[in-house]
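Data from input_23.txt: compact mmCIF, C-alpha atoms
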```txt
# COMPACT_ATOMS: atom_id res chain seq x y z
CA MET A 233 6.49 -10.08 24.34
CA ASN A 234 8.39 -10.04 21.04
CA ALA A 235 7.15 -7.61 18.49
CA LYS A 236 8.33 -6.92 14.95
CA LYS A 237 9.21 -3.49 13.70
CA SER A 238 8.77 -2.09 10.20
CA ILE A 239 9.47 1.06 8.64
CA SER A 240 7.08 3.16 6.72
CA PRO A 241 7.74 6.07 4.20
CA LYS A 242 5.84 9.43 3.15
CA TYR A 243 6.11 13.34 3.00
CA PHE A 244 7.68 15.75 0.51
CA ALA A 245 9.34 19.17 0.94
CA VAL A 246 8.27 22.21 -1.08
CA GLY A 247 10.86 24.86 -1.96
CA ILE A 248 10.13 28.58 -1.50
CA ILE A 249 11.52 31.27 -3.79
CA VAL A 250 13.28 33.87 -1.75
CA GLY A 251 13.81 37.20 -3.43
CA LEU A 252 16.84 39.02 -2.14
CA CYS A 253 16.54 42.64 -3.12
CA SER A 254 18.88 45.17 -1.53
CA THR A 255 19.56 48.73 -2.69
CA PHE A 256 22.58 50.62 -1.47
CA LEU A 257 23.59 54.24 -2.06
CA VAL A 258 27.33 54.50 -2.61
CA ALA A 259 29.13 57.82 -2.03
CA CYS A 260 31.21 58.99 -5.02
CA SER A 261 33.25 62.00 -6.06
CA ASP A 262 31.51 65.31 -6.82
CA SER A 263 31.65 64.46 -10.52
CA ASP A 264 30.02 61.07 -9.97
CA ALA A 265 27.03 61.65 -7.69
CA ASP A 266 24.76 58.98 -9.10
CA ALA A 267 23.87 56.17 -6.69
CA LYS A 268 25.01 52.69 -7.61
CA LYS A 269 22.55 49.85 -7.13
CA VAL A 270 23.26 46.30 -6.18
CA GLU A 271 21.63 43.87 -8.55
CA LYS A 272 18.63 41.97 -7.31
CA LYS A 273 19.46 38.31 -6.86
CA ALA A 274 17.15 35.37 -6.49
CA GLU A 275 17.66 31.75 -5.58
CA VAL A 276 17.26 29.24 -8.35
CA GLN A 277 13.73 27.95 -8.20
CA PRO A 278 13.58 24.20 -7.60
CA PRO A 279 11.57 22.25 -10.15
CA LYS A 280 7.89 22.34 -9.34
CA GLN A 281 5.92 19.15 -8.90
CA SER A 282 3.93 18.50 -12.04
CA GLU A 283 0.19 17.99 -11.93
CA ALA A 284 0.72 14.32 -12.80
CA GLU A 285 3.14 13.95 -9.89
CA LYS A 286 0.68 15.65 -7.53
CA LYS A 287 -2.12 13.35 -8.63
CA PHE A 288 0.10 10.28 -8.25
CA ALA A 289 1.12 11.40 -4.73
CA ALA A 290 -2.52 11.94 -3.80
CA LEU A 291 -3.40 8.44 -4.99
CA ASN A 292 -0.80 7.04 -2.58
CA GLN A 293 -1.84 8.97 0.52
CA PRO A 294 -3.19 6.62 3.19
CA ARG A 295 -6.83 6.67 4.15
CA SER A 296 -6.88 8.23 7.59
CA ILE A 297 -9.21 9.27 10.39
CA GLU A 298 -8.23 11.44 13.36
CA LEU A 299 -10.01 10.66 16.60
CA PRO A 300 -10.70 13.17 19.40
CA PRO A 301 -8.12 13.52 22.19
CA LEU A 302 -8.56 11.86 25.56
CA GLU A 303 -7.44 13.03 28.99
CA LEU A 304 -4.79 11.19 30.96
CA ALA A 305 -6.59 8.61 33.12
CA ASP A 306 -5.81 6.19 35.91
CA VAL A 307 -3.26 3.62 34.76
CA SER A 308 -5.78 0.81 35.36
CA LYS A 309 -7.81 2.10 32.40
CA TYR A 310 -5.05 1.45 29.87
CA GLN A 311 -5.02 -1.77 27.87
CA ASP A 312 -1.83 -3.42 26.61
CA MET A 313 -0.89 -1.91 23.27
CA LEU A 314 1.41 -4.85 22.50
CA ASN A 315 -1.16 -7.56 23.11
CA PRO A 316 -1.51 -9.51 19.81
CA MET A 317 -5.21 -8.60 19.55
CA THR A 318 -5.17 -4.90 20.50
CA ALA A 319 -4.38 -3.37 17.11
CA LEU A 320 -6.88 -5.66 15.36
CA GLN A 321 -9.61 -4.81 17.87
CA ILE A 322 -9.12 -1.04 17.77
CA TYR A 323 -8.59 -0.75 14.02
CA THR A 324 -11.68 -2.84 13.25
CA ALA A 325 -13.83 -0.85 15.67
CA GLN A 326 -12.60 2.61 14.68
CA HIS A 327 -12.01 2.70 10.92
CA THR A 328 -14.72 4.45 8.89
CA TRP A 329 -14.20 3.09 5.37
CA ASP A 330 -15.70 -0.07 3.90
CA GLU A 331 -13.62 -3.23 3.77
CA THR A 332 -14.89 -6.40 2.14
CA GLN A 333 -15.09 -9.70 3.98
CA ASP A 334 -12.41 -11.18 1.71
CA ASP A 335 -10.13 -8.21 2.48
CA VAL A 336 -10.57 -8.63 6.23
CA VAL A 337 -10.10 -12.40 6.11
CA ASP A 338 -6.92 -12.03 4.04
CA SER A 339 -5.51 -9.74 6.73
CA VAL A 340 -5.61 -12.42 9.44
CA LYS A 341 -4.69 -15.57 7.53
CA ASN A 342 -1.88 -17.50 9.17
CA ALA A 343 -1.80 -15.05 12.12
CA ILE A 344 0.48 -17.26 14.19
CA GLN A 345 1.05 -14.61 16.87
CA VAL A 346 -2.62 -14.76 17.97
CA ARG A 347 -2.64 -18.53 18.55
CA THR A 348 -2.62 -18.11 22.34
CA GLU A 349 -4.98 -15.12 22.57
CA ASN A 350 -7.54 -16.51 20.10
CA PRO A 351 -6.89 -20.14 19.13
CA ASP A 352 -9.95 -20.32 16.84
CA LEU A 353 -8.83 -17.34 14.78
CA TYR A 354 -5.42 -18.93 14.30
CA LYS A 355 -6.94 -22.35 13.55
CA TYR A 356 -9.44 -21.16 10.94
CA GLY A 357 -6.92 -18.79 9.40
CA TYR A 358 -4.47 -21.64 8.91
CA GLU A 359 -7.11 -24.01 7.56
CA ILE A 360 -8.37 -21.57 4.93
CA LEU A 361 -4.87 -21.40 3.46
CA THR A 362 -4.95 -25.10 2.59
CA ALA A 363 -8.67 -25.69 2.00
CA GLN A 364 -9.55 -26.78 -1.55
CA ASP A 365 -13.33 -27.15 -1.31
CA ALA A 366 -15.05 -23.86 -2.24
CA PHE A 367 -17.85 -24.37 0.30
CA ARG A 368 -15.35 -25.20 3.05
CA LYS A 369 -13.47 -22.00 2.24
CA LYS A 370 -16.71 -20.01 2.40
CA ASP A 371 -17.59 -21.52 5.78
CA LEU A 372 -14.13 -20.73 7.16
CA SER A 373 -14.30 -17.19 5.78
CA ASP A 374 -17.62 -16.61 7.54
CA LYS A 375 -16.20 -17.92 10.83
CA ILE A 376 -13.06 -15.75 10.61
CA PHE A 377 -15.04 -12.64 9.72
CA ALA A 378 -17.39 -13.21 12.66
CA ILE A 379 -14.44 -13.62 15.05
CA VAL A 380 -12.84 -10.37 13.89
CA LYS A 381 -16.10 -8.48 14.40
CA ASP A 382 -16.50 -10.06 17.82
CA GLU A 383 -12.95 -9.06 18.80
CA ALA A 384 -13.68 -5.46 17.80
CA GLY A 385 -16.58 -5.44 20.22
CA LYS A 386 -14.44 -6.52 23.17
CA PHE A 387 -12.00 -3.64 23.67
CA GLY A 388 -12.10 -1.73 20.39
CA SER A 389 -13.91 1.22 21.96
CA ASN A 390 -11.18 1.67 24.58
CA ARG A 391 -8.58 3.94 22.98
CA LEU A 392 -6.42 4.24 26.10
CA VAL A 393 -3.34 2.05 25.67
CA LYS A 394 0.03 1.48 27.29
CA ALA A 395 3.19 -0.27 26.19
CA ILE A 396 6.48 -1.29 27.73
CA ILE A 397 9.04 -0.60 25.03
CA PRO A 398 12.23 -2.59 25.56
CA ASP A 399 14.44 0.32 24.62
CA HIS A 400 16.18 2.99 26.64
CA LEU A 401 17.24 6.61 26.75
CA ALA A 402 19.85 8.00 24.41
CA ALA A 403 23.14 9.13 25.97
CA TYR A 404 23.06 12.34 27.97
CA ASP A 405 23.10 15.44 25.77
CA PHE A 406 25.41 17.96 27.44
CA ALA A 407 24.40 20.76 25.08
CA SER A 408 20.65 20.38 25.72
CA LYS A 409 21.10 19.21 29.32
CA GLY A 410 18.86 16.18 29.14
CA PHE A 411 17.89 12.86 27.59
CA LYS A 412 15.82 11.89 24.58
CA VAL A 413 14.42 8.42 23.88
CA SER A 414 16.61 6.37 21.57
CA SER A 415 13.79 4.21 20.16
CA CYS A 416 12.76 4.86 16.56
CA MET A 417 9.17 4.46 17.80
CA PHE A 418 9.47 8.06 19.05
CA SER A 419 10.50 9.46 15.67
CA ASP A 420 8.03 11.61 13.73
CA LYS A 421 10.20 11.49 10.62
CA LEU A 422 8.46 9.52 7.88
CA GLU A 423 11.11 9.26 5.17
CA TYR A 424 14.77 9.92 4.45
CA SER A 425 15.72 12.91 2.35
CA LYS A 426 17.61 12.59 -0.92
CA GLU A 427 20.65 14.14 0.76
CA GLU A 428 20.53 11.56 3.58
CA MET A 429 20.33 8.74 1.03
CA ARG A 430 23.11 10.19 -1.13
CA ASN A 431 25.72 7.76 0.19
CA GLU A 432 26.37 5.31 2.99
CA ALA A 433 28.08 7.87 5.20
CA SER A 434 25.24 10.40 5.03
CA PHE A 435 22.69 7.64 5.62
CA LYS A 436 24.47 6.50 8.78
CA ARG A 437 24.42 10.06 10.13
CA ALA A 438 20.69 10.48 9.48
CA SER A 439 18.20 10.27 12.32
CA PRO A 440 15.90 7.23 12.01
CA THR A 441 12.42 7.23 10.52
CA ARG A 442 9.43 6.13 12.57
CA CYS A 443 9.17 2.39 13.13
CA TYR A 444 6.18 0.29 14.14
CA TYR A 445 5.44 -2.69 16.33
CA ASN A 446 3.67 -5.70 14.87
CA PRO A 447 2.63 -7.85 17.84
CA GLY A 448 -0.36 -9.55 16.17
CA PRO A 449 -1.51 -10.21 12.58
CA THR A 450 1.22 -8.93 10.29
CA ASP A 451 -1.00 -6.40 8.49
CA TYR A 452 -1.87 -4.53 11.73
CA LYS A 453 0.84 -2.18 12.97
CA ILE A 454 1.12 0.06 16.02
CA GLY A 455 3.10 3.29 16.12
CA LEU A 456 3.44 6.56 18.00
CA THR A 457 2.65 10.03 16.70
CA GLY A 458 4.09 13.08 18.42
CA GLY A 459 6.75 11.02 20.19
CA SER A 460 9.55 13.38 19.16
CA LYS A 461 8.15 15.95 21.61
CA PHE A 462 9.46 13.96 24.54
CA PHE A 463 12.74 15.25 25.93
CA PHE A 464 13.67 14.85 29.57
CA ASP A 465 15.30 17.99 30.93
CA VAL A 466 17.89 17.06 33.54
CA PRO A 467 20.07 20.15 34.12
CA ASP A 468 21.50 18.75 37.37
CA GLU A 469 24.54 16.75 36.22
CA ALA A 470 24.73 14.84 39.50
CA GLN A 471 21.22 13.49 38.85
CA ALA A 472 22.02 12.99 35.16
CA ARG A 473 25.08 10.92 36.07
CA LYS A 474 22.91 8.47 38.05
CA ILE A 475 20.38 8.18 35.22
CA GLU A 476 23.14 7.71 32.66
CA ALA A 477 24.51 4.79 34.69
CA ALA A 478 21.07 3.16 34.77
CA ARG A 479 20.36 3.57 31.04
CA PRO A 480 21.40 0.01 30.01
CA THR A 481 18.81 -1.52 32.37
CA SER A 482 15.97 0.91 31.69
CA ASN A 483 12.72 0.44 29.78
CA ILE A 484 10.32 3.03 28.41
CA VAL A 485 6.68 2.83 29.49
CA VAL A 486 4.24 4.78 27.31
CA TYR A 487 0.68 5.77 28.26
CA GLY A 488 -1.42 7.30 25.50
CA TYR A 489 -4.58 7.28 23.43
CA VAL A 490 -5.24 6.13 19.87
CA LYS A 491 -5.28 9.29 17.77
CA ASN A 492 -5.19 8.07 14.17
CA ILE A 493 -6.37 5.03 12.24
CA GLU A 494 -4.82 4.61 8.79
CA ARG A 495 -4.99 2.23 5.85
CA GLU A 496 -2.21 1.99 3.30
CA THR A 497 -3.26 3.13 -0.18
CA ILE A 498 -1.39 2.22 -3.37
CA THR A 499 -2.49 4.07 -6.51
CA ASP A 500 -5.96 4.64 -5.08
CA HIS A 501 -6.40 1.01 -4.00
CA PHE A 502 -6.04 -0.37 -0.49
CA GLY A 503 -2.70 -1.91 0.36
CA PRO A 504 -2.43 -4.59 3.06
CA LYS A 505 -1.03 -2.45 5.91
CA ARG A 506 -3.27 -1.03 8.63
CA TYR A 507 -1.98 1.43 11.23
CA VAL A 508 -3.04 2.31 14.77
CA LEU A 509 -1.21 5.50 15.81
CA VAL A 510 -0.99 6.42 19.48
CA ALA A 511 -0.43 9.91 20.88
CA PRO A 512 1.66 9.60 24.08
CA GLN A 513 0.28 11.31 27.16
CA ARG A 514 2.92 10.23 29.65
CA VAL A 515 6.27 8.50 29.35
CA ASP A 516 8.06 6.84 32.24
CA VAL A 517 11.66 5.68 32.27
CA VAL A 518 11.81 2.64 34.55
CA ASP A 519 14.92 0.95 35.90
CA THR A 520 14.23 -2.75 35.38
CA ALA A 521 16.84 -3.70 37.95
CA SER A 522 15.11 -1.87 40.81
CA GLY A 523 11.65 -1.20 39.39
CA SER A 524 11.98 2.48 40.25
CA VAL A 525 10.84 5.28 37.95
CA LEU A 526 13.92 7.25 36.94
CA LEU A 527 12.11 9.93 34.96
CA SER A 528 8.51 10.76 34.07
CA LYS A 529 7.08 13.35 31.74
CA THR A 530 3.48 14.25 30.90
CA LEU A 531 2.46 16.24 27.84
```

Please lay out the structure from this file as structure tokens.
Amino acid sequence: MNAKKSISPKYFAVGIIVGLCSTFLVACSDSDADAKKVEKKAEVQPPKQSEAEKKFAALNQPRSIELPPLELADVSKYQDMLNPMTALQIYTAQHTWDETQDDVVDSVKNAIQVRTENPDLYKYGYEILTAQDAFRKKDLSDKIFAIVKDEAGKFGSNRLVKAIIPDHLAAYDFASKGFKVSSCMFSDKLEYSKEEMRNEASFKRASPTRCYYNPGPTDYKIGLTGGSKFFFDVPDEAQARKIEAARPTSNIVVYGYVKNIERETITDHFGPKRYVLVAPQRVDVVDTASGSVLLSKTL
């Protein structure tokens, strides 16, 4: 299944003043017995964020809810995270803030990727884009809104999800004696620093920010949170050599639970993007050529 990726920003760093104060007694001649002191030095304090900047940042923080953790379950309990309807179902069932009917309908207009999973949703969403009659538009809006609510009732309460990510391990790290996942889905970094964006060379060296899959309606995105914790320790280089050879034909299979539901906020108003963030419980590295599990790790 093809899925689109997007990148999303956020997070600031706060500087800390470090006072370096050291006093040394220096031996002198009998006529100069006074101790000499080393001057106290302090780092230059970075400019503080103004109150206006803090308020502006707060107005752009996403609306978010954190859901309770779930235990690792039998694999049969996990629904497909990359099904075109999964993010829509879970987000609609789990978010706690009010969204108007017009807002919800706008989020699924022209949702071409759901045409197989829910033909009526695709049909009505396409028709409302071209409808001119106000009453026809109202009727279509009511039908779309009812379908979205119905979809939420199907699997929206099941927060156990799995996904086959068509990406592979990064090259073997000889210093750390193991493998990390190369996919940006596993990054917990939310934005690039000013230093990383200083020039093209520094940007190329920077580790990637978190990316998201968009398998269904374009406003509903699926990502991982806590993915950077996964590192596969393989100290045995004989075993590592075999895994390294299989990397080009490997996929990553993630089992996890939905931990966060978020809604983009722009200057205290809802933006179009909705996020379903999954906390991985187990990650398997599967050789697609043989179907065998090369590595598996559970948090």

Would you tabulate, counting all atoms listed in the file, all residues of range 348-402 of chain A that have an atom at most 10 Å from an atom of range 504-528 of chain A, showing the closest pair of atoms and their distance in Å to one decimal, sorted by chain then ascending number, as a Markdown table?
```
| residue | atom | partner | partner_atom | distance |
| --- | --- | --- | --- | --- |
| A:Arg391 | CA | A:Val510 | CA | 8.7 |
| A:Leu392 | CA | A:Val510 | CA | 8.8 |
| A:Val393 | CA | A:Val510 | CA | 7.9 |
| A:Lys394 | CA | A:Pro512 | CA | 8.9 |
| A:Ala395 | CA | A:Val515 | CA | 9.8 |
| A:Ile396 | CA | A:Asp516 | CA | 9.4 |
| A:Ile397 | CA | A:Val517 | CA | 9.9 |
| A:Asp399 | CA | A:Val517 | CA | 9.7 |
| A:His400 | CA | A:Val517 | CA | 7.7 |
| A:Leu401 | CA | A:Val517 | CA | 7.9 |
```

| field | Interatomic distance, CA of Gln293 in chain A to CA of Gln326 in chain A (Å, one decimal) | value |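 Straight-line distance from CA of Gln293 in chain A to CA of Gln326 in chain A works out to 18.9 Å.
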
| note | Expressed in Å, the length from CA of Thr457 in chain A to CA of Phe435 in chain A is 23.0 Å

| query | Can you tell me how far CA of Thr497 in chain A sits from CA of Ile360 in chain A, in Å to one decimal? | reply | 25.7 Å

| task | List the neighbours of Phe502 in chain A out to 12 Å using only C-alpha atoms; skip same-chain residues closer than 2 positions along the sequence, and give me the result as a VMD selection string. | result | chain A and resid 291 to 296 329 to 332 335 to 336 339 451 494 to 500 504 to 506

For C-alpha atoms, I'd like the residues from the last selection saved as a PDB file, in the frame of the given file.
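The resulting file, part_9.pdb, is reproduced below:
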```
ATOM      1  CA  LEU A 291      -3.400   8.440  -4.990  1.00  0.00           C
ATOM      2  CA  ASN A 292      -0.800   7.040  -2.580  1.00  0.00           C
ATOM      3  CA  GLN A 293      -1.840   8.970   0.520  1.00  0.00           C
ATOM      4  CA  PRO A 294      -3.190   6.620   3.190  1.00  0.00           C
ATOM      5  CA  ARG A 295      -6.830   6.670   4.150  1.00  0.00           C
ATOM      6  CA  SER A 296      -6.880   8.230   7.590  1.00  0.00           C
ATOM      7  CA  TRP A 329     -14.200   3.090   5.370  1.00  0.00           C
ATOM      8  CA  ASP A 330     -15.700  -0.070   3.900  1.00  0.00           C
ATOM      9  CA  GLU A 331     -13.620  -3.230   3.770  1.00  0.00           C
ATOM     10  CA  THR A 332     -14.890  -6.400   2.140  1.00  0.00           C
ATOM     11  CA  ASP A 335     -10.130  -8.210   2.480  1.00  0.00           C
ATOM     12  CA  VAL A 336     -10.570  -8.630   6.230  1.00  0.00           C
ATOM     13  CA  SER A 339      -5.510  -9.740   6.730  1.00  0.00           C
ATOM     14  CA  ASP A 451      -1.000  -6.400   8.490  1.00  0.00           C
ATOM     15  CA  GLU A 494      -4.820   4.610   8.790  1.00  0.00           C
ATOM     16  CA  ARG A 495      -4.990   2.230   5.850  1.00  0.00           C
ATOM     17  CA  GLU A 496      -2.210   1.990   3.300  1.00  0.00           C
ATOM     18  CA  THR A 497      -3.260   3.130  -0.180  1.00  0.00           C
ATOM     19  CA  ILE A 498      -1.390   2.220  -3.370  1.00  0.00           C
ATOM     20  CA  THR A 499      -2.490   4.070  -6.510  1.00  0.00           C
ATOM     21  CA  ASP A 500      -5.960   4.640  -5.080  1.00  0.00           C
ATOM     22  CA  PRO A 504      -2.430  -4.590   3.060  1.00  0.00           C
ATOM     23  CA  LYS A 505      -1.030  -2.450   5.910  1.00  0.00           C
ATOM     24  CA  ARG A 506      -3.270  -1.030   8.630  1.00  0.00           C
TER      25      ARG A 506
END
```
